[in-house]
file model.pdb (PDB, C-alpha atoms, pLDDT in the B column)
ATOM      1  CA  PHE A 337       0.168  -3.815  17.417  1.00 61.00           C
ATOM      2  CA  ALA A 338       0.246  -2.588  13.831  1.00 57.00           C
ATOM      3  CA  HIS A 339      -0.842  -5.028  11.134  1.00 60.00           C
ATOM      4  CA  PHE A 340       0.044  -4.725   7.451  1.00 59.00           C
ATOM      5  CA  SER A 341      -1.779  -6.892   4.922  1.00 54.00           C
ATOM      6  CA  GLY A 342      -2.134  -6.360   1.217  1.00 46.00           C
ATOM      7  CA  GLY A 343      -0.486  -2.973   1.502  1.00 40.00           C
ATOM      8  CA  ARG A 344      -3.029  -1.605   3.987  1.00 38.00           C
ATOM      9  CA  HIS A 345      -2.092  -0.353   7.423  1.00 38.00           C
ATOM     10  CA  ILE A 346      -4.550  -1.437  10.095  1.00 30.00           C
ATOM     11  CA  VAL A 347      -4.225  -0.508  13.767  1.00 29.00           C
ATOM     12  CA  MET A 348      -5.432  -3.452  15.847  1.00 33.00           C
ATOM     13  CA  VAL A 349      -6.678  -3.436  19.419  1.00 26.00           C
ATOM     14  CA  LYS A 350      -3.900  -4.169  21.901  1.00 33.00           C
ATOM     15  CA  GLY A 351      -4.224  -7.250  24.051  1.00 34.00           C
ATOM     16  CA  ILE A 352      -3.384 -10.903  24.555  1.00 34.00           C
ATOM     17  CA  PHE A 353      -5.440 -13.403  22.612  1.00 34.00           C
ATOM     18  CA  SER A 354      -5.759 -17.175  22.925  1.00 37.00           C
ATOM     19  CA  ILE A 355      -5.162 -19.336  19.870  1.00 38.00           C
ATOM     20  CA  PRO A 356      -8.077 -21.695  19.040  1.00 40.00           C
ATOM     21  CA  ALA A 357      -7.083 -25.356  19.122  1.00 39.00           C
ATOM     22  CA  LYS A 358      -7.543 -25.718  15.372  1.00 38.00           C
ATOM     23  CA  GLN A 359      -5.020 -22.918  14.848  1.00 42.00           C
ATOM     24  CA  ARG A 360      -2.230 -24.405  16.969  1.00 43.00           C
ATOM     25  CA  TRP A 361       0.636 -25.468  14.761  1.00 44.00           C
ATOM     26  CA  ARG A 362       3.662 -27.687  15.102  1.00 47.00           C
ATOM     27  CA  TYR A 363       6.957 -25.841  15.519  1.00 44.00           C
ATOM     28  CA  GLU A 364       9.803 -28.239  14.717  1.00 51.00           C
ATOM     29  CA  VAL A 365      12.495 -28.256  17.438  1.00 57.00           C
ATOM     30  CA  LEU A 366      10.938 -25.316  19.270  1.00 67.00           C
ATOM     31  CA  SER A 367       7.790 -27.359  19.914  1.00 66.00           C
ATOM     32  CA  GLU A 368       9.815 -29.844  21.978  1.00 78.00           C
ATOM     33  CA  MET A 369      11.669 -27.345  24.178  1.00 86.00           C
ATOM     34  CA  THR A 370      10.596 -27.144  27.805  1.00 94.00           C
ATOM     35  CA  TYR A 371      12.069 -25.905  31.095  1.00 97.00           C
ATOM     36  CA  PRO A 372      14.967 -25.566  31.720  1.00 97.00           C
ATOM     37  CA  PHE A 373      15.671 -23.752  28.476  1.00 97.00           C
ATOM     38  CA  SER A 374      19.205 -23.408  27.143  1.00 96.00           C
ATOM     39  CA  LEU A 375      21.021 -21.117  24.752  1.00 96.00           C
ATOM     40  CA  PRO A 376      21.284 -22.666  21.277  1.00 95.00           C
ATOM     41  CA  LYS A 377      24.618 -22.551  19.512  1.00 96.00           C
ATOM     42  CA  LEU A 378      24.983 -19.804  16.923  1.00 97.00           C
ATOM     43  CA  PRO A 379      24.610 -21.651  13.584  1.00 95.00           C
ATOM     44  CA  TYR A 380      27.534 -19.811  11.942  1.00 97.00           C
ATOM     45  CA  ALA A 381      30.676 -17.946  12.970  1.00 98.00           C
ATOM     46  CA  TYR A 382      30.359 -14.534  14.645  1.00 98.00           C
ATOM     47  CA  ASP A 383      31.859 -12.830  11.587  1.00 98.00           C
ATOM     48  CA  ALA A 384      29.968 -14.911   9.006  1.00 98.00           C
ATOM     49  CA  LEU A 385      27.458 -12.148   8.229  1.00 98.00           C
ATOM     50  CA  GLU A 386      30.074  -9.467   7.622  1.00 97.00           C
ATOM     51  CA  PRO A 387      29.953  -6.831   6.224  1.00 97.00           C
ATOM     52  CA  TYR A 388      26.208  -6.616   6.922  1.00 97.00           C
ATOM     53  CA  ILE A 389      26.255  -7.510  10.622  1.00 98.00           C
ATOM     54  CA  ASP A 390      29.565  -7.229  12.475  1.00 98.00           C
ATOM     55  CA  ALA A 391      31.159  -9.871  14.693  1.00 98.00           C
ATOM     56  CA  ASP A 392      31.027  -7.788  17.879  1.00 98.00           C
ATOM     57  CA  THR A 393      27.284  -7.251  17.505  1.00 98.00           C
ATOM     58  CA  MET A 394      26.735 -10.952  16.893  1.00 98.00           C
ATOM     59  CA  TYR A 395      28.735 -11.888  19.967  1.00 98.00           C
ATOM     60  CA  PHE A 396      27.034  -9.496  22.378  1.00 98.00           C
ATOM     61  CA  HIS A 397      23.591 -10.017  20.867  1.00 98.00           C
ATOM     62  CA  HIS A 398      23.731 -13.822  20.948  1.00 98.00           C
ATOM     63  CA  ASP A 399      25.998 -14.656  23.886  1.00 98.00           C
ATOM     64  CA  LYS A 400      24.901 -11.882  26.253  1.00 98.00           C
ATOM     65  CA  HIS A 401      21.433 -10.546  25.405  1.00 98.00           C
ATOM     66  CA  PHE A 402      19.955 -13.851  24.231  1.00 98.00           C
ATOM     67  CA  GLN A 403      21.495 -15.668  27.206  1.00 98.00           C
ATOM     68  CA  ALA A 404      19.898 -13.154  29.574  1.00 98.00           C
ATOM     69  CA  TYR A 405      16.429 -13.948  28.216  1.00 98.00           C
ATOM     70  CA  VAL A 406      17.081 -17.672  28.665  1.00 98.00           C
ATOM     71  CA  ASP A 407      18.248 -17.165  32.247  1.00 98.00           C
ATOM     72  CA  ASN A 408      15.347 -14.880  33.124  1.00 98.00           C
ATOM     73  CA  LEU A 409      12.763 -17.259  31.652  1.00 98.00           C
ATOM     74  CA  ASN A 410      14.163 -20.176  33.642  1.00 98.00           C
ATOM     75  CA  ALA A 411      14.180 -18.081  36.816  1.00 98.00           C
ATOM     76  CA  ALA A 412      10.549 -17.082  36.246  1.00 98.00           C
ATOM     77  CA  LEU A 413       9.411 -20.683  35.740  1.00 98.00           C
ATOM     78  CA  GLU A 414      11.406 -22.066  38.658  1.00 98.00           C
ATOM     79  CA  GLY A 415       8.601 -21.388  41.122  1.00 96.00           C
ATOM     80  CA  TYR A 416       5.823 -22.697  38.834  1.00 98.00           C
ATOM     81  CA  PRO A 417       6.407 -26.442  38.357  1.00 97.00           C
ATOM     82  CA  VAL A 418       2.981 -26.955  36.785  1.00 97.00           C
ATOM     83  CA  PHE A 419       4.080 -24.914  33.763  1.00 97.00           C
ATOM     84  CA  GLN A 420       7.572 -26.369  33.444  1.00 97.00           C
ATOM     85  CA  SER A 421       6.296 -29.058  31.074  1.00 96.00           C
ATOM     86  CA  TRP A 422       4.790 -26.481  28.729  1.00 95.00           C
ATOM     87  CA  SER A 423       6.654 -25.839  25.503  1.00 94.00           C
ATOM     88  CA  LEU A 424       7.666 -22.327  24.547  1.00 94.00           C
ATOM     89  CA  GLU A 425       4.849 -22.276  21.989  1.00 92.00           C
ATOM     90  CA  GLN A 426       2.307 -23.346  24.591  1.00 93.00           C
ATOM     91  CA  LEU A 427       3.494 -20.653  26.983  1.00 96.00           C
ATOM     92  CA  LEU A 428       3.408 -17.845  24.410  1.00 95.00           C
ATOM     93  CA  GLY A 429       0.196 -19.048  22.787  1.00 93.00           C
ATOM     94  CA  GLY A 430      -1.539 -19.429  26.139  1.00 95.00           C
ATOM     95  CA  LEU A 431      -0.529 -16.318  28.057  1.00 96.00           C
ATOM     96  CA  GLU A 432      -4.079 -15.802  29.233  1.00 95.00           C
ATOM     97  CA  ALA A 433      -3.926 -19.131  31.106  1.00 96.00           C
ATOM     98  CA  LEU A 434      -0.800 -18.217  33.082  1.00 97.00           C
ATOM     99  CA  PRO A 435      -0.929 -16.795  36.626  1.00 97.00           C
ATOM    100  CA  GLU A 436      -0.622 -13.026  36.726  1.00 95.00           C
ATOM    101  CA  GLY A 437       2.710 -13.313  38.527  1.00 94.00           C
ATOM    102  CA  LEU A 438       4.163 -15.344  35.666  1.00 98.00           C
ATOM    103  CA  ARG A 439       2.435 -13.909  32.601  1.00 98.00           C
ATOM    104  CA  THR A 440       4.534 -10.769  32.115  1.00 98.00           C
ATOM    105  CA  ALA A 441       7.823 -12.598  32.663  1.00 98.00           C
ATOM    106  CA  VAL A 442       6.886 -15.202  30.040  1.00 98.00           C
ATOM    107  CA  ARG A 443       5.642 -12.556  27.636  1.00 98.00           C
ATOM    108  CA  ASN A 444       8.914 -10.633  27.913  1.00 98.00           C
ATOM    109  CA  ASN A 445      11.503 -13.363  28.413  1.00 98.00           C
ATOM    110  CA  GLY A 446       9.754 -16.264  26.705  1.00 98.00           C
ATOM    111  CA  GLY A 447       9.191 -13.943  23.775  1.00 97.00           C
ATOM    112  CA  GLY A 448      12.842 -12.938  23.976  1.00 98.00           C
ATOM    113  CA  VAL A 449      13.952 -16.568  23.757  1.00 98.00           C
ATOM    114  CA  TYR A 450      11.624 -17.493  20.894  1.00 97.00           C
ATOM    115  CA  ASN A 451      12.177 -14.306  18.920  1.00 98.00           C
ATOM    116  CA  HIS A 452      15.957 -14.518  19.159  1.00 98.00           C
ATOM    117  CA  TRP A 453      15.991 -18.236  18.398  1.00 96.00           C
ATOM    118  CA  LEU A 454      14.274 -17.575  15.073  1.00 96.00           C
ATOM    119  CA  TYR A 455      16.182 -14.365  14.371  1.00 98.00           C
ATOM    120  CA  PHE A 456      19.590 -16.044  14.519  1.00 98.00           C
ATOM    121  CA  ASP A 457      18.374 -19.261  12.897  1.00 96.00           C
ATOM    122  CA  LEU A 458      16.836 -17.425   9.950  1.00 96.00           C
ATOM    123  CA  MET A 459      19.918 -15.523   8.864  1.00 97.00           C
ATOM    124  CA  THR A 460      22.603 -17.001   6.661  1.00 96.00           C
ATOM    125  CA  PRO A 461      25.948 -16.095   5.078  1.00 95.00           C
ATOM    126  CA  GLN A 462      24.733 -17.751   1.867  1.00 87.00           C
ATOM    127  CA  ILE A 463      23.413 -15.411  -0.819  1.00 76.00           C
ATOM    128  CA  GLN A 464      19.650 -15.903  -0.978  1.00 68.00           C
ATOM    129  CA  GLY A 465      17.007 -15.252  -3.551  1.00 63.00           C
ATOM    130  CA  ASN A 466      13.514 -14.410  -2.388  1.00 60.00           C
ATOM    131  CA  PRO A 467      11.435 -17.574  -2.940  1.00 61.00           C
ATOM    132  CA  GLN A 468       8.398 -17.068  -5.095  1.00 65.00           C
ATOM    133  CA  VAL A 469       6.095 -18.359  -2.355  1.00 64.00           C
ATOM    134  CA  PHE A 470       6.041 -14.856  -0.832  1.00 72.00           C
ATOM    135  CA  PRO A 471       6.084 -12.165  -3.595  1.00 64.00           C
ATOM    136  CA  PRO A 472       2.788 -13.211  -5.273  1.00 68.00           C
ATOM    137  CA  VAL A 473       0.985 -12.228  -2.077  1.00 69.00           C
ATOM    138  CA  PHE A 474       2.652  -8.824  -1.758  1.00 74.00           C
ATOM    139  CA  GLY A 475       3.239  -8.059  -5.442  1.00 70.00           C
ATOM    140  CA  GLN A 476       7.020  -8.186  -5.830  1.00 77.00           C
ATOM    141  CA  LYS A 477      10.123  -8.954  -3.773  1.00 79.00           C
ATOM    142  CA  GLU A 478      10.749  -5.224  -3.423  1.00 84.00           C
ATOM    143  CA  LYS A 479       7.194  -4.664  -2.160  1.00 86.00           C
ATOM    144  CA  LEU A 480       7.595  -7.306   0.534  1.00 88.00           C
ATOM    145  CA  GLU A 481      10.874  -5.789   1.680  1.00 91.00           C
ATOM    146  CA  ALA A 482       9.379  -2.288   1.619  1.00 92.00           C
ATOM    147  CA  LEU A 483       6.461  -3.378   3.827  1.00 91.00           C
ATOM    148  CA  LEU A 484       8.758  -5.144   6.288  1.00 94.00           C
ATOM    149  CA  LYS A 485      10.940  -2.049   6.443  1.00 96.00           C
ATOM    150  CA  GLN A 486       7.910   0.212   6.891  1.00 95.00           C
ATOM    151  CA  ALA A 487       6.731  -1.929   9.800  1.00 95.00           C
ATOM    152  CA  ALA A 488      10.192  -2.022  11.390  1.00 97.00           C
ATOM    153  CA  MET A 489      10.790   1.710  11.003  1.00 96.00           C
ATOM    154  CA  GLY A 490       7.390   2.442  12.518  1.00 95.00           C
ATOM    155  CA  ILE A 491       8.157   0.669  15.793  1.00 96.00           C
ATOM    156  CA  PHE A 492       8.678   3.272  18.503  1.00 95.00           C
ATOM    157  CA  GLY A 493      11.576   2.145  20.663  1.00 95.00           C
ATOM    158  CA  SER A 494      12.215  -1.592  20.524  1.00 97.00           C
ATOM    159  CA  GLY A 495      10.482  -4.501  18.866  1.00 97.00           C
ATOM    160  CA  PHE A 496      10.310  -6.847  15.904  1.00 97.00           C
ATOM    161  CA  ALA A 497       8.730  -6.713  12.466  1.00 97.00           C
ATOM    162  CA  TRP A 498       7.359 -10.117  11.491  1.00 96.00           C
ATOM    163  CA  LEU A 499       6.311 -11.966   8.405  1.00 93.00           C
ATOM    164  CA  ALA A 500       3.539 -14.174   9.775  1.00 92.00           C
ATOM    165  CA  ALA A 501       0.461 -16.131   8.745  1.00 88.00           C
ATOM    166  CA  ASP A 502      -2.901 -16.495  10.399  1.00 84.00           C
ATOM    167  CA  GLY A 503      -4.796 -19.771  10.823  1.00 78.00           C
ATOM    168  CA  ARG A 504      -6.430 -19.398   7.416  1.00 77.00           C
ATOM    169  CA  GLY A 505      -3.105 -19.125   5.622  1.00 75.00           C
ATOM    170  CA  ARG A 506      -3.188 -15.383   4.997  1.00 81.00           C
ATOM    171  CA  LEU A 507       0.254 -13.764   5.084  1.00 86.00           C
ATOM    172  CA  SER A 508       0.606 -10.581   7.111  1.00 88.00           C
ATOM    173  CA  ILE A 509       3.351  -8.285   8.344  1.00 93.00           C
ATOM    174  CA  LEU A 510       3.173  -7.444  12.027  1.00 95.00           C
ATOM    175  CA  ALA A 511       4.929  -4.678  13.940  1.00 96.00           C
ATOM    176  CA  LEU A 512       5.163  -5.886  17.537  1.00 96.00           C
ATOM    177  CA  ALA A 513       6.662  -3.938  20.418  1.00 96.00           C
ATOM    178  CA  ASN A 514       9.337  -5.230  22.777  1.00 97.00           C
ATOM    179  CA  GLN A 515       9.434  -9.064  22.834  1.00 98.00           C
ATOM    180  CA  ASP A 516       5.806  -9.699  21.921  1.00 97.00           C
ATOM    181  CA  ASN A 517       5.428 -12.756  19.706  1.00 96.00           C
ATOM    182  CA  PRO A 518       2.916 -13.499  16.914  1.00 95.00           C
ATOM    183  CA  LEU A 519       1.822 -16.678  18.742  1.00 94.00           C
ATOM    184  CA  SER A 520       0.211 -14.520  21.417  1.00 94.00           C
ATOM    185  CA  TYR A 521      -2.000 -12.910  18.772  1.00 93.00           C
ATOM    186  CA  GLY A 522      -3.026 -16.051  16.892  1.00 91.00           C
ATOM    187  CA  PHE A 523      -0.405 -15.825  14.120  1.00 92.00           C
ATOM    188  CA  TYR A 524       2.219 -18.324  12.984  1.00 91.00           C
ATOM    189  CA  PRO A 525       5.716 -16.717  13.072  1.00 93.00           C
ATOM    190  CA  ILE A 526       7.639 -17.073   9.810  1.00 93.00           C
ATOM    191  CA  LEU A 527      10.458 -14.504   9.765  1.00 95.00           C
ATOM    192  CA  PRO A 528      11.482 -11.941  12.420  1.00 98.00           C
ATOM    193  CA  LEU A 529      13.373  -8.675  11.907  1.00 98.00           C
ATOM    194  CA  ASP A 530      14.867  -7.490  15.201  1.00 98.00           C
ATOM    195  CA  VAL A 531      15.012  -3.707  15.603  1.00 98.00           C
ATOM    196  CA  TRP A 532      16.103  -3.522  19.226  1.00 98.00           C
ATOM    197  CA  GLU A 533      19.136  -1.225  19.290  1.00 98.00           C
ATOM    198  CA  HIS A 534      21.401  -4.005  20.546  1.00 98.00           C
ATOM    199  CA  ALA A 535      20.835  -5.733  17.180  1.00 98.00           C
ATOM    200  CA  TYR A 536      22.541  -2.980  15.217  1.00 98.00           C
ATOM    201  CA  TYR A 537      23.821  -0.004  17.257  1.00 98.00           C
ATOM    202  CA  LEU A 538      27.514  -0.950  17.417  1.00 98.00           C
ATOM    203  CA  LYS A 539      27.754  -0.780  13.631  1.00 98.00           C
ATOM    204  CA  TYR A 540      24.904   1.478  12.529  1.00 98.00           C
ATOM    205  CA  GLN A 541      24.328   3.741  15.579  1.00 97.00           C
ATOM    206  CA  ASN A 542      20.995   5.521  14.962  1.00 97.00           C
ATOM    207  CA  LEU A 543      20.720   4.478  11.296  1.00 98.00           C
ATOM    208  CA  ARG A 544      18.070   1.802  11.714  1.00 98.00           C
ATOM    209  CA  GLY A 545      17.072   2.027   8.052  1.00 98.00           C
ATOM    210  CA  ASN A 546      20.600   1.208   6.870  1.00 98.00           C
ATOM    211  CA  TYR A 547      20.684  -1.837   9.149  1.00 98.00           C
ATOM    212  CA  ILE A 548      17.345  -3.033   7.773  1.00 98.00           C
ATOM    213  CA  ASP A 549      18.479  -2.653   4.162  1.00 97.00           C
ATOM    214  CA  ASN A 550      21.562  -4.735   4.902  1.00 97.00           C
ATOM    215  CA  TRP A 551      19.633  -7.299   6.951  1.00 97.00           C
ATOM    216  CA  PHE A 552      17.743  -8.221   3.799  1.00 94.00           C
ATOM    217  CA  GLN A 553      21.093  -9.412   2.393  1.00 93.00           C
ATOM    218  CA  VAL A 554      21.406 -12.093   5.098  1.00 95.00           C
ATOM    219  CA  ALA A 555      17.755 -13.061   5.660  1.00 94.00           C
ATOM    220  CA  ASN A 556      17.292 -16.762   4.953  1.00 93.00           C
ATOM    221  CA  TRP A 557      14.240 -16.607   2.708  1.00 89.00           C
ATOM    222  CA  THR A 558      14.564 -20.265   1.723  1.00 88.00           C
ATOM    223  CA  LYS A 559      14.405 -21.438   5.343  1.00 89.00           C
ATOM    224  CA  ALA A 560      11.547 -19.028   6.060  1.00 89.00           C
ATOM    225  CA  ALA A 561       9.616 -20.573   3.177  1.00 85.00           C
ATOM    226  CA  GLY A 562      10.378 -23.967   4.710  1.00 85.00           C
ATOM    227  CA  ARG A 563       8.795 -22.844   7.999  1.00 85.00           C
ATOM    228  CA  LEU A 564       5.650 -21.881   6.159  1.00 79.00           C
ATOM    229  CA  SER A 565       5.589 -25.234   4.367  1.00 76.00           C
ATOM    230  CA  ALA A 566       6.172 -27.150   7.612  1.00 73.00           C
ATOM    231  CA  SER A 567       3.288 -25.339   9.287  1.00 71.00           C
ATOM    232  CA  GLY A 568       0.794 -27.102   7.051  1.00 69.00           C
ATOM    233  CA  LEU A 569      -0.845 -23.767   6.181  1.00 65.00           C
ATOM    234  CA  HIS A 570      -1.897 -23.108   2.602  1.00 60.00           C
ATOM    235  CA  LEU A 571      -1.632 -19.537   1.368  1.00 59.00           C
ATOM    236  CA  LEU A 572      -4.832 -17.791   0.347  1.00 55.00           C
TER     237      LEU A 572
END

call {"tool": "encode", "arguments": {"input": "model.pdb", "output": "structure tokens"}}
result
Amino acid sequence: FAHFSGGRHIVMVKGIFSIPAKQRWRYEVLSEMTYPFSLPKLPYAYDALEPYIDADTMYFHHDKHFQAYVDNLNAALEGYPVFQSWSLEQLLGGLEALPEGLRTAVRNNGGGVYNHWLYFDLMTPQIQGNPQVFPPVFGQKEKLEALLKQAAMGIFGSGFAWLAADGRGRLSILALANQDNPLSYGFYPILPLDVWEHAYYLKYQNLRGNYIDNWFQVANWTKAAGRLSASGLHLL
């Protein structure tokens, strides 16, 4: 994956990494979810994010694509009762412990469930400021947004750009392909930016950059800051 920190672009070695016990965090409601997983209700109306994200996109993205990840994850776990008591965080943070026949399905579909859960939960129709907990690390609000956009635009094909923190409380921006999740690399997920085409193509077609610029208008920075606070991490 690509890793942005302090304005530097670092190419990291690809792989799946375990999270040391001291770096495992608590994840609010998500920490309590186990098999069988279910689709959460969209926390606002389909058209609530207009004109930035259209109602048709919200409907198909949430009710169809998100639902498919939930269904596929449940189907994958059906034959592995020993892992049905594992939370989504345990599954994604412990991919290396899963049987080979289950690992890829959890990486793809478990990541799809977690990533979409946060994506929809961390958008809002309310006008947001950018809380000051983030800009001091990256310089200014505009710098943070520019780095997130750079990460998202640099993803070849599909994936997510993430604002995340490591176990020492250092904020980073990650560019992860497909449905990979920061938990699998030892990072705490704070805010995801979905750049799969189904997140924007109905309205923006190939103009990913325009979608990203407008996504910043509906990102719930206040709730993202709350996730960081709830993690117990202290920024360095």

call {"tool": "resolve_selection", "arguments": {"input": "model.pdb", "expression": "the PyMOL selection byres ((chain A and resi 490-497) around 8)", "output": "PyMOL selection string"}}
result
chain A and resi 484-489+498-499+509-516+528-533

call {"tool": "resolve_selection", "arguments": {"input": "model.pdb", "expression": "the PyMOL selection byres ((chain A and resi 463) around 12)", "output": "PDB file with C-alpha atoms, keeping the file's coordinate frame"}}
result
ATOM      1  CA  ALA A 384      29.968 -14.911   9.006  1.00 98.00           C
ATOM      2  CA  LEU A 385      27.458 -12.148   8.229  1.00 98.00           C
ATOM      3  CA  MET A 459      19.918 -15.523   8.864  1.00 97.00           C
ATOM      4  CA  THR A 460      22.603 -17.001   6.661  1.00 96.00           C
ATOM      5  CA  PRO A 461      25.948 -16.095   5.078  1.00 95.00           C
ATOM      6  CA  GLN A 462      24.733 -17.751   1.867  1.00 87.00           C
ATOM      7  CA  GLN A 464      19.650 -15.903  -0.978  1.00 68.00           C
ATOM      8  CA  GLY A 465      17.007 -15.252  -3.551  1.00 63.00           C
ATOM      9  CA  ASN A 466      13.514 -14.410  -2.388  1.00 60.00           C
ATOM     10  CA  TRP A 551      19.633  -7.299   6.951  1.00 97.00           C
ATOM     11  CA  PHE A 552      17.743  -8.221   3.799  1.00 94.00           C
ATOM     12  CA  GLN A 553      21.093  -9.412   2.393  1.00 93.00           C
ATOM     13  CA  VAL A 554      21.406 -12.093   5.098  1.00 95.00           C
ATOM     14  CA  ALA A 555      17.755 -13.061   5.660  1.00 94.00           C
ATOM     15  CA  ASN A 556      17.292 -16.762   4.953  1.00 93.00           C
ATOM     16  CA  TRP A 557      14.240 -16.607   2.708  1.00 89.00           C
ATOM     17  CA  THR A 558      14.564 -20.265   1.723  1.00 88.00           C
TER      18      THR A 558
END

call {"tool": "resolve_selection", "arguments": {"input": "model.pdb", "expression": "the PyMOL selection byres ((chain A and resi 369-376) around 12)", "output": "VMD selection string"}}
result
chain A and resid 363 to 368 377 to 380 398 to 427 442 445 to 446 448 to 450 452 to 457

call {"tool": "atom_distance", "arguments": {"input": "model.pdb", "atom1": "atom CA of A:Glu478", "atom2": "atom CA of A:Leu564"}}
result
19.9 Å

call {"tool": "atom_distance", "arguments": {"input": "model.pdb", "atom1": "atom CA of A:Asp392", "atom2": "atom CA of A:Asn542"}}
result
16.9 Å

call {"tool": "closest_residue", "arguments": {"input": "model.pdb", "among": "A:Asn444, A:Pro518, A:Ser508, A:Arg544", "to": "A:Leu483", "atoms": "only C-alpha atoms"}}
result
A:Ser508

call {"tool": "residues_around", "arguments": {"input": "model.pdb", "residues": "A:Tyr537", "least_positions_apart": "6", "cutoff": "12 Å", "atoms": "all atoms listed in the file", "output": "PyMOL selection string"}}
result
chain A and resi 389-390+392-394+396-397+530-531+543-548

call {"tool": "write_last_selection", "arguments": {"input": "model.pdb", "atoms": "C-alpha atoms", "output": "tab-separated table (two decimals), keeping the file's coordinate frame"}}
result
chain	number	residue	atom	x	y	z
A	389	ILE	CA	26.26	-7.51	10.62
A	390	ASP	CA	29.56	-7.23	12.48
A	392	ASP	CA	31.03	-7.79	17.88
A	393	THR	CA	27.28	-7.25	17.50
A	394	MET	CA	26.74	-10.95	16.89
A	396	PHE	CA	27.03	-9.50	22.38
A	397	HIS	CA	23.59	-10.02	20.87
A	530	ASP	CA	14.87	-7.49	15.20
A	531	VAL	CA	15.01	-3.71	15.60
A	543	LEU	CA	20.72	4.48	11.30
A	544	ARG	CA	18.07	1.80	11.71
A	545	GLY	CA	17.07	2.03	8.05
A	546	ASN	CA	20.60	1.21	6.87
A	547	TYR	CA	20.68	-1.84	9.15
A	548	ILE	CA	17.34	-3.03	7.77

call {"tool": "axis_aligned_box", "arguments": {"input": "model.pdb", "around": "stretch 430-442 of chain A", "padding_each_side": "6 Å", "output": "AutoDock Vina command-line options"}}
result
--center_x 1.9 --center_y -15.1 --center_z 32.3 --size_x 23.9 --size_y 20.7 --size_z 24.4

call {"tool": "closest_residue", "arguments": {"input": "model.pdb", "among": "A:Gly503, A:Gly437, A:Pro387, A:Gly475", "to": "A:Leu519", "atoms": "all atoms listed in the file"}}
result
A:Gly503

call {"tool": "atom_distance", "arguments": {"input": "model.pdb", "atom1": "atom CA of A:Tyr524", "atom2": "atom CA of A:Ala501"}}
result
5.1 Å

call {"tool": "closest_residue", "arguments": {"input": "model.pdb", "among": "A:Ala482, A:Asn451, A:Tyr395, A:Tyr521", "to": "A:Gly430", "atoms": "only C-alpha atoms"}}
result
A:Tyr521
